[in-house]
Amino acid sequence: MDYRNLLNERQYEAVSTDAKYARVIAGAGSGKTRVLTYRISYLISERNVDPSSIVAIAFTNKVAEEMKMRALNLLHNNCPGLSVSTFHSFCVRFLRKEIDILGYPNNFTIMDEDDQETLVKNIAVDNGFKRNDDIVKFTLSYIALNKCNGIYPEDIRLEHNFTAHEKQALKFFHLYEQRKEQMQSLDFDDLLLFTIKILEQFDLVREKWQRRISNILIDEFQDTNNVQYKLVKLLMDEDTSLYVVGDPDQTIYTWRGANQDIILNFTKDFPLAETIILDRNYRSTKMILDSANKLIAHNKKRVPKNLYTEEEVGSPVVVEQCFSREYEARFIVDKIEQLVRSREGYSYKDIAILYRAAYLTLPLEKEFMARRIPYQIYGGLKFFQRKEIKDVLAYFRLIYNPKDDLSFERIVNVPRRGIGDSSMDILKAEKTNAGKSYIEYIKSIDEYESEVKPKVIMAIQFMINLIDKTKAKLDENLEAYPKILSDFMMDLKYFEYLSSDDEGEERLKNVQTLLDDIVDFLKHNPESSFEEYLQNATLQTSQDEIKGGDMVSLMTVHVAKGLEFPVVFVMSMMEGVFPSQRSMDETGHDGEEEERRLCYVAFTRAKQKLFITYNNSYSFVLESKAFESRFIKEAGLTPTRKNDFHQYQRDDSFYRKSTIDREIANDIRQGRFNESGYEQDEYSEPEIEDNGIRDWKIGDVAIHDVFGKGIVTNVIDDTIIEVNFFSCGKKSIMASHPKIHRERKGAEA
């Protein structure tokens, strides 16, 4: 095989190197998988290496299978015994042969994550807890965190500063390991740790495997963790060659245990190691690469490289500043429609929208649904299908419809109120016999001889009282209803309930995003009621999913790792969002560098066109107005054009008038029809009673017809003002509410 003509100069150097230890720094789109598969082929065909003596490790089973098939094709299937696997798959193969030395049978059972959760739940029940108590998820996380670092319960010393949860989790950890051993089962972490245990404790076994293995090749080496690296070293002796491929600039899994220092310090561990840098990119245009290079150059912990391409210069990277989440979504979908209808011939499947966190998708999903554009979310549920959003909307629906028994059944024990299945069965039978809804029956339960336990009745009555109290506040229409609804969820302890979950922060952000969406709805539909918002949300949740392959792809940047698309949008690039404030708060400078690497990964998914968007909306997630990410400036980018806010308001007014027919509105936006071609007189905006004030400022003195005088302490998206009233404290009021006025300068106090 003519390797030299099949590869570029650097690739050939990497494939044919004579170095015993080699580190290949493979930039995004530089042909990493190609180099690895050709290296395997080269060792077998040119160096006469026995295929069965090669241990090739890939990051996922899918990539492992792809690498093996490509190598087999290169060698015309003439490589008996060749194996390409993940770390876990290799360990299973090892343990099936060697685990009996630890007293385990070779046909041990492998537990998956569901099996682990079931086992911990059973342990919790046996110790007086319920299957869904917080301690279950805490214990699962506690076990995973420790075993990821090679720590078993007997290695942990009970310290005086342990919390009650940690003490209980450690007890459950012991029981978990005992029961697992009784069942002769291993979990995923055990596969690596038991392999390491055998190699460390039994010299003859270790030496046997070291003799068998001549070459170890590892893909995505930047994502290797300490346990995996320890295993690799145990499999090596002085004759073993180690060949690793990765890119420190794409280390984005440190939160999952990946240790970037392993690839960065490779030459310290192996002083004779050769480093080869693959910096020619075959994926992206020069414009995209220039921005990515400028961005990642701000990181200190990296192997310096500068990606280049011999392909076209390409289109400039577009950065769009938007005044609201809704406008950002509209810009993205407008641009997608332009691309699909252009002469360039893009399809929906050529386009991906990437984001830092799943809670950001709501405005975009609404815009897609309104225009009937097919899309698919990868690695997550659509926004309105997420459990916490369904929970909150169920509560909101009960405010207006106490007969909604489906919503009642969904949330009656969320958060937990000690209401078991037997109590619900009794309650359901009794309310059905009485011909009432759950809420109607509980309100009149004194009229019946109920078998429901008094504590259950009291718990439900407390919830119903909060529902009634909230409805009364909404009917009064004195405060902004997003604040009333937020207080309602707070009183229900729903936010507290979410915070106790492993994924609590993400789920809490989803609920806060729902509140942001309610504010947006209120801002653009001031004449509409909250009931109308609920109706709209219900219609969106019941949308039939569009089937078929030609769909826009939506995914987090983590999910997008390893993928590429002709057109990529990176949305909501605001400070605190991307980079994530949580990441930076938890790990400081290292967190900022990982966020920058994540952004670098996002940029380098794009082949031909890259669009970056951000918005300046007030966010309940950030608790402030948003502003552009530092990464935009670091990448040498600026907004393509500064939007004129007044033009945006005029456009927005026009869009709202056109909601009768969004397709016609879109035609006008795209310039396919003249606006004058439609009879605008057929539609007139309803007269809206308001105070006419559009420019509230912090420090203004406000006078409310009911609450009296106060000081404006915050202005949220020009829609809601927070006022600290002298008589009743802080209230959130619609900025245009007819009952509130600004004190004229010079007026008597």
# chains A, B, ... in the order shown; residues from 1 in each chain; ligands from 1
$ select_by_dssp --residues "range 99-207 of chain A" --states "helix (DSSP H, G or I)" --output "ChimeraX atom specification"
/A:99-102,113-126,134-148,153-155,164-182,188-201,203-207
$ select_by_dssp --residues "range 352-469 of chain A" --states "strand (DSSP E)" --output "list in words"
Ala352, Ile353, Leu354, Tyr355, Tyr375, Gln376 and Ile377 of chain A
$ write_last_selection --atoms "N, CA and C atoms" --output "short mmCIF file (atom, residue, chain, number, x, y, z; two decimals), in the first residue's frame"
data_model
loop_
_atom_site.label_atom_id
_atom_site.label_comp_id
_atom_site.auth_asym_id
_atom_site.auth_seq_id
_atom_site.Cartn_x
_atom_site.Cartn_y
_atom_site.Cartn_z
N ALA A 352 -27.20 22.61 11.91
CA ALA A 352 -27.25 22.27 13.34
C ALA A 352 -27.24 23.54 14.16
N ILE A 353 -27.99 23.51 15.26
CA ILE A 353 -27.99 24.61 16.23
C ILE A 353 -27.44 24.06 17.54
N LEU A 354 -26.35 24.66 17.99
CA LEU A 354 -25.67 24.19 19.20
C LEU A 354 -25.87 25.20 20.33
N TYR A 355 -25.93 24.69 21.54
CA TYR A 355 -26.15 25.55 22.70
C TYR A 355 -25.45 24.94 23.91
N TYR A 375 -37.64 19.64 13.05
CA TYR A 375 -36.40 19.69 13.82
C TYR A 375 -36.34 18.48 14.75
N GLN A 376 -35.14 18.16 15.17
CA GLN A 376 -34.94 17.04 16.08
C GLN A 376 -33.94 17.45 17.15
N ILE A 377 -34.31 17.20 18.41
CA ILE A 377 -33.39 17.47 19.52
C ILE A 377 -32.64 16.18 19.84
#
$ residues_around --residues "Thr251 in chain A" --least-positions-apart "2" --cutoff "10 Å" --atoms "only C-alpha atoms" --output "count of residues only"
22
$ closest_residue --among "A:Thr638, A:Asn215, A:Gln178, A:Phe90" --to "Leu192 in chain A" --atoms "only C-alpha atoms"
A:Phe90
$ closest_residue --among "A:Val35, A:Ile262, A:Ala394, A:Val205" --to "Phe408 in chain A" --atoms "only C-alpha atoms"
A:Ala394
